[in-house]
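The file data22.pdb contains PDB, C-alpha atoms:
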```
MODEL        1
ATOM      1  CA  MET A   4      21.248  56.073 104.336
ATOM      2  CA  LYS A   5      22.032  55.987 108.011
ATOM      3  CA  ALA A   6      25.382  54.384 107.174
ATOM      4  CA  VAL A   7      26.200  57.192 104.760
ATOM      5  CA  TYR A   8      25.347  59.788 107.388
ATOM      6  CA  GLY A   9      27.548  57.953 109.873
ATOM      7  CA  ILE A  10      30.528  57.936 107.496
ATOM      8  CA  ALA A  11      30.074  61.624 106.738
ATOM      9  CA  ILE A  12      29.904  62.504 110.417
ATOM     10  CA  ALA A  13      33.022  60.424 111.139
ATOM     11  CA  ALA A  14      34.911  62.106 108.289
ATOM     12  CA  ALA A  15      33.878  65.545 109.506
ATOM     13  CA  LEU A  16      34.988  64.744 113.034
ATOM     14  CA  GLY A  17      38.318  63.391 111.749
ATOM     15  CA  LEU A  18      38.915  66.478 109.651
ATOM     16  CA  SER A  19      38.038  68.735 112.563
ATOM     17  CA  GLY A  20      40.449  66.820 114.786
ATOM     18  CA  ALA A  21      43.238  67.179 112.249
ATOM     19  CA  MET A  22      42.623  70.911 111.959
ATOM     20  CA  LEU A  23      42.601  71.328 115.718
ATOM     21  CA  ASN A  24      45.837  69.324 115.935
ATOM     22  CA  LEU A  25      47.524  71.573 113.355
ATOM     23  CA  VAL A  26      46.387  74.678 115.184
ATOM     24  CA  TYR A  27      47.694  73.240 118.440
ATOM     25  CA  LEU A  28      51.092  72.378 116.916
ATOM     26  CA  SER A  29      51.291  75.822 115.325
ATOM     27  CA  LYS A  30      50.601  77.503 118.659
ATOM     28  CA  LEU A  31      53.071  75.191 120.359
ATOM     29  CA  SER A  32      55.813  76.010 117.864
ATOM     30  CA  GLU A  33      55.313  79.680 118.585
ATOM     31  CA  GLN A  34      55.988  78.989 122.228
ATOM     32  CA  VAL A  35      59.334  77.187 121.585
ATOM     33  CA  ASP A  36      62.269  79.245 122.811
ATOM     34  CA  LEU A  37      64.551  80.155 119.918
ATOM     35  CA  VAL A  38      68.105  81.478 119.807
ATOM     36  CA  TRP A  39      68.968  83.631 116.816
ATOM     37  CA  PHE A  40      72.419  83.420 115.250
ATOM     38  CA  ILE A  41      74.157  85.356 112.474
ATOM     39  CA  GLY A  42      74.119  83.506 109.182
ATOM     40  CA  ILE A  43      76.021  84.368 106.010
ATOM     41  CA  LYS A  44      73.548  84.400 103.112
ATOM     42  CA  ARG A  45      73.614  81.962 100.242
ATOM     43  CA  ASP A  46      75.887  82.941  97.334
ATOM     44  CA  VAL A  47      77.886  85.330  99.546
ATOM     45  CA  VAL A  48      81.661  84.783  99.392
ATOM     46  CA  LEU A  49      83.894  86.795 101.742
ATOM     47  CA  ALA A  50      87.612  86.594 101.037
ATOM     48  CA  ARG A  51      90.051  86.739 103.939
ATOM     49  CA  GLY A  52      90.325  90.324 105.147
ATOM     50  CA  GLU A  53      87.021  91.419 103.559
ATOM     51  CA  THR A  54      84.628  93.165 105.929
ATOM     52  CA  ILE A  55      81.158  91.940 106.866
ATOM     53  CA  GLN A  56      78.244  94.180 105.844
ATOM     54  CA  ASP A  57      74.502  94.102 106.549
ATOM     55  CA  GLU A  58      73.695  92.637 103.146
ATOM     56  CA  HIS A  59      75.877  89.620 103.927
ATOM     57  CA  MET A  60      74.030  88.661 107.129
ATOM     58  CA  GLU A  61      70.700  87.031 107.945
ATOM     59  CA  ALA A  62      69.079  85.791 111.148
ATOM     60  CA  VAL A  63      69.052  82.018 111.678
ATOM     61  CA  PRO A  64      66.737  80.649 114.431
ATOM     62  CA  ILE A  65      67.645  77.472 116.298
ATOM     63  CA  PRO A  66      65.499  75.957 119.102
ATOM     64  CA  LEU A  67      67.071  76.548 122.487
ATOM     65  CA  LYS A  68      67.090  72.855 123.341
ATOM     66  CA  TRP A  69      69.384  72.219 120.362
ATOM     67  CA  VAL A  70      71.764  75.097 120.976
ATOM     68  CA  GLY A  71      73.985  73.500 123.611
ATOM     69  CA  LYS A  72      77.399  75.211 123.565
ATOM     70  CA  MET A  73      76.909  76.841 120.165
ATOM     71  CA  THR A  74      76.910  80.290 121.757
ATOM     72  CA  ASP A  75      80.584  79.744 122.622
ATOM     73  CA  TYR A  76      81.474  79.311 118.954
ATOM     74  CA  VAL A  77      78.824  81.070 116.823
ATOM     75  CA  GLU A  78      78.013  84.785 116.741
ATOM     76  CA  LEU A  79      74.564  85.753 118.067
ATOM     77  CA  TRP A  80      72.219  87.897 115.976
ATOM     78  CA  GLU A  81      72.161  90.475 118.747
ATOM     79  CA  SER A  82      75.896  91.065 118.205
ATOM     80  CA  ARG A  83      75.509  91.961 114.511
ATOM     81  CA  GLU A  84      76.235  95.651 115.188
ATOM     82  CA  ALA A  85      79.631  94.712 116.585
ATOM     83  CA  CYS A  86      80.288  92.333 113.681
ATOM     84  CA  ARG A  87      79.470  94.859 110.981
ATOM     85  CA  GLY A  88      82.622  96.197 109.348
ATOM     86  CA  ARG A  89      84.932  93.571 110.873
ATOM     87  CA  PRO A  90      87.246  91.612 108.540
ATOM     88  CA  VAL A  91      87.048  87.843 108.340
ATOM     89  CA  SER A  92      90.181  85.832 109.086
ATOM     90  CA  ARG A  93      89.502  83.212 106.406
ATOM     91  CA  THR A  94      87.430  82.796 103.276
ATOM     92  CA  VAL A  95      83.748  82.391 104.253
ATOM     93  CA  ILE A  96      81.302  80.867 101.765
ATOM     94  CA  GLY A  97      77.561  81.076 102.441
ATOM     95  CA  PRO A  98      75.166  79.759 103.425
ATOM     96  CA  CYS A  99      76.772  79.152 106.784
ATOM     97  CA  LEU A 100      76.776  80.367 110.357
ATOM     98  CA  LEU A 101      79.266  83.068 111.290
ATOM     99  CA  LEU A 102      81.796  81.544 113.676
ATOM    100  CA  SER A 103      83.615  83.574 116.311
ATOM    101  CA  GLU A 104      86.801  82.091 114.854
ATOM    102  CA  ASP A 105      85.989  83.814 111.555
ATOM    103  CA  LEU A 106      86.393  87.200 113.253
ATOM    104  CA  ARG A 107      89.857  86.553 114.618
ATOM    105  CA  THR A 108      92.286  89.268 113.561
ATOM    106  CA  PRO A 109      93.893  88.055 110.335
ATOM    107  CA  PRO A 110      97.625  87.400 110.687
ATOM    108  CA  PRO A 111      99.780  90.187 109.284
ATOM    109  CA  GLU A 112     101.086  89.690 105.790
ATOM    110  CA  MET A 113     104.645  88.516 106.350
ATOM    111  CA  GLU A 114     107.298  88.110 103.694
ATOM    112  CA  LEU A 115     111.040  88.105 103.287
ATOM    113  CA  LYS A 116     112.082  91.742 103.113
ATOM    114  CA  LEU A 117     115.111  92.071 100.838
ATOM    115  CA  ALA A 118     116.802  95.156  99.435
ATOM    116  CA  ASP A 119     117.729  95.215  95.752
ATOM    117  CA  ASP A 120     121.356  94.379  96.573
ATOM    118  CA  GLU A 121     120.512  91.552  99.002
ATOM    119  CA  ARG A 122     119.909  87.847  98.588
ATOM    120  CA  ALA A 123     118.485  85.301 101.048
ATOM    121  CA  TRP A 124     120.738  82.487 102.276
ATOM    122  CA  GLY A 125     119.698  79.620 104.531
ATOM    123  CA  ILE A 126     122.141  78.768 107.313
ATOM    124  CA  PRO A 127     121.828  75.581 109.435
ATOM    125  CA  ILE A 128     122.094  76.384 113.133
ATOM    126  CA  ASP A 129     122.451  74.310 116.287
ATOM    127  CA  THR A 130     119.222  74.899 118.208
ATOM    128  CA  ARG A 131     120.768  73.302 121.310
ATOM    129  CA  GLN A 132     123.241  76.167 121.591
ATOM    130  CA  PHE A 133     120.793  79.091 121.589
ATOM    131  CA  PRO A 134     117.032  79.445 122.289
ATOM    132  CA  VAL A 135     115.801  80.431 118.844
ATOM    133  CA  ALA A 136     112.521  81.822 120.222
ATOM    134  CA  LEU A 137     114.580  84.814 121.407
ATOM    135  CA  ILE A 138     115.604  85.655 117.831
ATOM    136  CA  ASN A 139     113.224  87.673 115.667
ATOM    137  CA  PRO A 140     113.373  88.672 111.999
ATOM    138  CA  GLY A 141     115.241  91.947 111.748
ATOM    139  CA  ASP A 142     117.748  91.017 114.461
ATOM    140  CA  LEU A 143     121.484  90.975 113.773
ATOM    141  CA  VAL A 144     123.385  87.750 114.435
ATOM    142  CA  SER A 145     126.863  86.381 113.933
ATOM    143  CA  PHE A 146     127.666  82.711 113.463
ATOM    144  CA  LEU A 147     130.077  80.693 115.591
ATOM    145  CA  VAL A 148     131.821  78.193 113.327
ATOM    146  CA  PRO A 149     134.527  75.819 114.633
ATOM    147  CA  ARG A 150     137.606  75.736 112.438
ATOM    148  CA  THR A 151     138.199  72.462 110.611
ATOM    149  CA  ALA A 152     141.164  71.076 108.720
ATOM    150  CA  ALA A 153     141.023  72.314 105.174
ATOM    151  CA  LEU A 154     141.656  69.038 103.372
ATOM    152  CA  ALA A 155     141.197  65.380 104.155
ATOM    153  CA  PRO A 156     144.467  63.396 104.549
ATOM    154  CA  THR A 157     145.436  60.996 101.771
ATOM    155  CA  SER A 158     148.270  58.544 101.432
ATOM    156  CA  ALA A 159     149.653  60.499  98.496
ATOM    157  CA  GLY A 160     149.057  63.904 100.052
ATOM    158  CA  VAL A 161     151.571  66.648 100.459
ATOM    159  CA  GLN A 162     152.642  67.552 103.987
ATOM    160  CA  GLY A 163     151.286  70.853 105.220
ATOM    161  CA  SER A 164     152.992  73.425 107.360
ATOM    162  CA  GLU A 165     152.028  71.526 110.516
ATOM    163  CA  GLY A 166     153.090  68.154 109.209
ATOM    164  CA  GLU A 167     149.553  67.074 108.206
ATOM    165  CA  PRO A 168     148.686  65.719 104.763
ATOM    166  CA  THR A 169     146.907  68.350 102.700
ATOM    167  CA  GLY A 170     145.829  66.169  99.759
ATOM    168  CA  GLU A 171     146.850  66.021  96.134
ATOM    169  CA  GLU A 172     146.857  69.080  93.968
ATOM    170  CA  GLY A 173     143.322  70.028  92.990
ATOM    171  CA  GLN A 174     141.699  67.811  95.639
ATOM    172  CA  GLU A 175     138.459  69.204  97.107
ATOM    173  CA  PRO A 176     138.352  70.054 100.819
ATOM    174  CA  ALA A 177     136.764  67.421 103.069
ATOM    175  CA  PRO A 178     135.540  67.835 106.665
ATOM    176  CA  LYS A 179     137.616  66.842 109.674
ATOM    177  CA  ALA A 180     137.108  67.121 113.406
ATOM    178  CA  ALA A 181     136.930  70.688 114.668
ATOM    179  CA  ARG A 182     140.155  72.110 116.039
ATOM    180  CA  GLY A 183     141.471  75.507 116.989
ATOM    181  CA  PRO A 184     139.520  78.618 117.967
ATOM    182  CA  VAL A 185     135.979  79.383 116.864
ATOM    183  CA  GLU A 186     135.427  81.702 113.915
ATOM    184  CA  THR A 187     132.876  84.466 114.557
ATOM    185  CA  ILE A 188     131.439  85.631 111.248
ATOM    186  CA  GLY A 189     128.918  88.428 110.881
ATOM    187  CA  PRO A 190     126.862  90.333 111.573
ATOM    188  CA  PHE A 191     123.997  89.348 109.257
ATOM    189  CA  LYS A 192     120.387  90.507 109.281
ATOM    190  CA  VAL A 193     117.881  87.760 110.100
ATOM    191  CA  LEU A 194     115.024  87.342 107.626
ATOM    192  CA  SER A 195     113.314  84.285 109.094
ATOM    193  CA  LEU A 196     113.726  81.247 111.313
ATOM    194  CA  GLY A 197     112.325  78.362 109.326
ATOM    195  CA  ASN A 198     108.865  79.536 108.260
ATOM    196  CA  ARG A 199     108.691  82.070 111.114
ATOM    197  CA  LEU A 200     108.615  85.535 109.569
ATOM    198  CA  GLY A 201     107.494  87.294 112.747
ATOM    199  CA  SER A 202     107.966  86.987 116.490
ATOM    200  CA  ALA A 203     107.185  83.725 118.256
ATOM    201  CA  GLU A 204     104.316  85.508 120.059
ATOM    202  CA  VAL A 205     102.703  86.528 116.752
ATOM    203  CA  MET A 206     102.913  82.972 115.444
ATOM    204  CA  ARG A 207     101.337  81.577 118.625
ATOM    205  CA  ALA A 208      98.614  84.240 118.688
ATOM    206  CA  HIS A 209      97.541  83.335 115.159
ATOM    207  CA  ARG A 210      98.011  79.591 115.674
ATOM    208  CA  ILE A 211     100.516  79.298 112.849
ATOM    209  CA  PRO A 212     102.681  76.202 113.341
ATOM    210  CA  VAL A 213     106.425  76.843 113.233
ATOM    211  CA  SER A 214     108.698  74.484 111.335
ATOM    212  CA  GLN A 215     112.397  74.204 110.443
ATOM    213  CA  GLU A 216     113.614  76.714 113.026
ATOM    214  CA  ASN A 217     116.997  75.003 112.731
ATOM    215  CA  VAL A 218     117.455  76.868 109.416
ATOM    216  CA  LEU A 219     118.006  80.593 109.791
ATOM    217  CA  THR A 220     117.540  82.766 106.686
ATOM    218  CA  ILE A 221     119.873  85.751 106.432
ATOM    219  CA  ALA A 222     120.315  88.697 104.075
ATOM    220  CA  VAL A 223     123.579  88.629 102.134
ATOM    221  CA  LYS A 224     124.870  91.720 100.331
ATOM    222  CA  ILE A 225     125.824  91.328  96.682
ATOM    223  CA  GLU A 226     128.846  93.392  95.642
ATOM    224  CA  LYS A 227     129.830  93.555  91.958
ATOM    225  CA  GLY A 228     127.869  90.403  91.269
ATOM    226  CA  GLN A 229     129.473  88.430  94.106
ATOM    227  CA  PRO A 230     128.395  87.736  97.712
ATOM    228  CA  GLU A 231     130.103  89.929 100.286
ATOM    229  CA  PRO A 232     133.407  88.510 101.635
ATOM    230  CA  LYS A 233     132.069  87.532 105.083
ATOM    231  CA  ALA A 234     129.265  85.525 103.449
ATOM    232  CA  GLN A 235     131.751  83.739 101.206
ATOM    233  CA  LYS A 236     133.910  82.909 104.225
ATOM    234  CA  LEU A 237     130.874  81.598 106.123
ATOM    235  CA  PHE A 238     129.860  79.367 103.225
ATOM    236  CA  THR A 239     133.407  78.010 102.869
ATOM    237  CA  LEU A 240     133.563  77.053 106.559
ATOM    238  CA  LEU A 241     130.082  75.533 106.440
ATOM    239  CA  HIS A 242     131.106  73.442 103.436
ATOM    240  CA  ALA A 243     134.214  72.274 105.275
ATOM    241  CA  ALA A 244     132.038  71.319 108.267
ATOM    242  CA  ASP A 245     129.644  69.362 106.004
ATOM    243  CA  PHE A 246     126.938  71.967 106.725
ATOM    244  CA  ARG A 247     126.448  70.888 110.306
ATOM    245  CA  GLY A 248     124.495  73.290 112.518
ATOM    246  CA  VAL A 249     126.562  76.217 113.773
ATOM    247  CA  GLY A 250     126.240  78.406 116.856
ATOM    248  CA  VAL A 251     124.490  81.778 116.942
ATOM    249  CA  GLN A 252     125.521  85.024 118.611
ATOM    250  CA  LEU A 253     122.712  87.582 118.969
ATOM    251  CA  HIS A 254     123.697  91.241 118.722
ATOM    252  CA  PRO A 255     122.097  93.918 120.926
ATOM    253  CA  ARG A 256     118.905  95.427 119.569
ATOM    254  CA  PRO A 257     118.665  99.226 119.225
ATOM    255  CA  LYS A 258     117.489 100.767 122.481
ATOM    256  CA  THR A 259     114.060 102.337 122.387
ATOM    257  CA  ILE A 260     113.695 105.895 123.654
ATOM    258  CA  GLN A 261     111.535 105.968 126.781
TER
ENDMDL
END
```

Would you give me this structure, written as structure tokens?
Amino acid sequence: MKAVYGIAIAAALGLSGAMLNLVYLSKLSEQVDLVWFIGIKRDVVLARGETIQDEHMEAVPIPLKWVGKMTDYVELWESREACRGRPVSRTVIGPCLLLSEDLRTPPPEMELKLADDERAWGIPIDTRQFPVALINPGDLVSFLVPRTAALAPTSAGVQGSEGEPTGEEGQEPAPKAARGPVETIGPFKVLSLGNRLGSAEVMRAHRIPVSQENVLTIAVKIEKGQPEPKAQKLFTLLHAADFRGVGVQLHPRPKTIQ
């Protein structure tokens, strides 16, 4: 019987110790410093440009010792008033923490702006000749195209007015070395430089990488179903030059009234 009493007492002491340990851990957890962040609730989907509302947010506690540099990248719960009503810059799918990056101003919707009687043409340009960062969509430019011989010489060709072979009848033009003065053709309205549909500053501000700035997209007028004469002349000279990059001449922008 004494052994039974001893086991019972030991069990009671063990149980009491466990309970005291739980109470101690519970009290200790209440004393841990916590940092509260904004979380996007489960099943909430915010499309780019949609605004954040109270029903989308919840408080997410994280122990201070685990926070590290999170406050530099994640929105704090105390800033929820400032976050309410702000649009997100990308699609946000909960549950997740609300990143500061998610509140960046969304880039403006940019697209090629063409009138009904305009068409977009891509023109290869020589980026060594002009700093393309200075050109913005909406600017007016002319193209500097070196003149080339109209036809490649052939042994059976007919002599031209300057004593050069002009090729057999019906032969297609072929490029030769540039000679003579430069043709200035334009002006044309710029639509884009590669994928850049806004200013270089806008692209940098929204961290949009720029590509193919050596291809300038212009607006070409269509008259009676045909491209305007200056566009046809430009294309003919580009074809003769094997579509090598041409020079650019930027026209003055309209002066703003102070």

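Rounded to one decimal, CA of Thr130 in chain A and CA of Asp142 in chain A lie 16.6 Å from each other.
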
Take the PyMOL selection byres ((chain A and resi 41) around 8), apply it to the structure above, and return the hits as a VMD selection string. chain A and resid 39 to 40 42 to 43 60 to 63 77 to 80 83 100 to 101

C-alpha atoms of the current selection, written as a PDB file, in the frame of the given file:
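Listed below is the output, result_35.pdb:
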```pdb
ATOM      1  CA  TRP A  39      68.968  83.631 116.816  1.00  0.00           C
ATOM      2  CA  PHE A  40      72.419  83.420 115.250  1.00  0.00           C
ATOM      3  CA  GLY A  42      74.119  83.506 109.182  1.00  0.00           C
ATOM      4  CA  ILE A  43      76.021  84.368 106.010  1.00  0.00           C
ATOM      5  CA  MET A  60      74.030  88.661 107.129  1.00  0.00           C
ATOM      6  CA  GLU A  61      70.700  87.031 107.945  1.00  0.00           C
ATOM      7  CA  ALA A  62      69.079  85.791 111.148  1.00  0.00           C
ATOM      8  CA  VAL A  63      69.052  82.018 111.678  1.00  0.00           C
ATOM      9  CA  VAL A  77      78.824  81.070 116.823  1.00  0.00           C
ATOM     10  CA  GLU A  78      78.013  84.785 116.741  1.00  0.00           C
ATOM     11  CA  LEU A  79      74.564  85.753 118.067  1.00  0.00           C
ATOM     12  CA  TRP A  80      72.219  87.897 115.976  1.00  0.00           C
ATOM     13  CA  ARG A  83      75.509  91.961 114.511  1.00  0.00           C
ATOM     14  CA  LEU A 100      76.776  80.367 110.357  1.00  0.00           C
ATOM     15  CA  LEU A 101      79.266  83.068 111.290  1.00  0.00           C
TER      16      LEU A 101
END
```

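Here the PyMOL selection byres ((chain A and resi 59) around 10) captures the residues Ile41, Gly42, Ile43, Lys44, Arg45, Asp46, Val47, Val48, Leu49, Thr54, Ile55, Gln56, Asp57, Glu58, Met60, Glu61, Arg87, Gly97 and Pro98 of chain A.
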
List every protein, DNA or RNA residue that has at least one atom no more than 10 Å from (119.7, 79.9, 119.1) in the file's coordinates, counting only C-alpha atoms, and write the result as a CSV table (one decimal) with C-alpha atoms, in the coordinates of the input.
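Just written: result14.csv:
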```csv
chain,number,residue,atom,x,y,z
A,128,ILE,CA,122.1,76.4,113.1
A,129,ASP,CA,122.5,74.3,116.3
A,130,THR,CA,119.2,74.9,118.2
A,131,ARG,CA,120.8,73.3,121.3
A,132,GLN,CA,123.2,76.2,121.6
A,133,PHE,CA,120.8,79.1,121.6
A,134,PRO,CA,117.0,79.4,122.3
A,135,VAL,CA,115.8,80.4,118.8
A,136,ALA,CA,112.5,81.8,120.2
A,137,LEU,CA,114.6,84.8,121.4
A,138,ILE,CA,115.6,85.7,117.8
A,144,VAL,CA,123.4,87.8,114.4
A,196,LEU,CA,113.7,81.2,111.3
A,216,GLU,CA,113.6,76.7,113.0
A,217,ASN,CA,117.0,75.0,112.7
A,219,LEU,CA,118.0,80.6,109.8
A,249,VAL,CA,126.6,76.2,113.8
A,250,GLY,CA,126.2,78.4,116.9
A,251,VAL,CA,124.5,81.8,116.9
A,252,GLN,CA,125.5,85.0,118.6
A,253,LEU,CA,122.7,87.6,119.0
```

Name the closest residue to Gly125 in chain A among the candidates A:Gln235, A:Ser103, A:Asn198, A:Thr220; distances are taken between atoms, counting only C-alpha atoms. A:Thr220
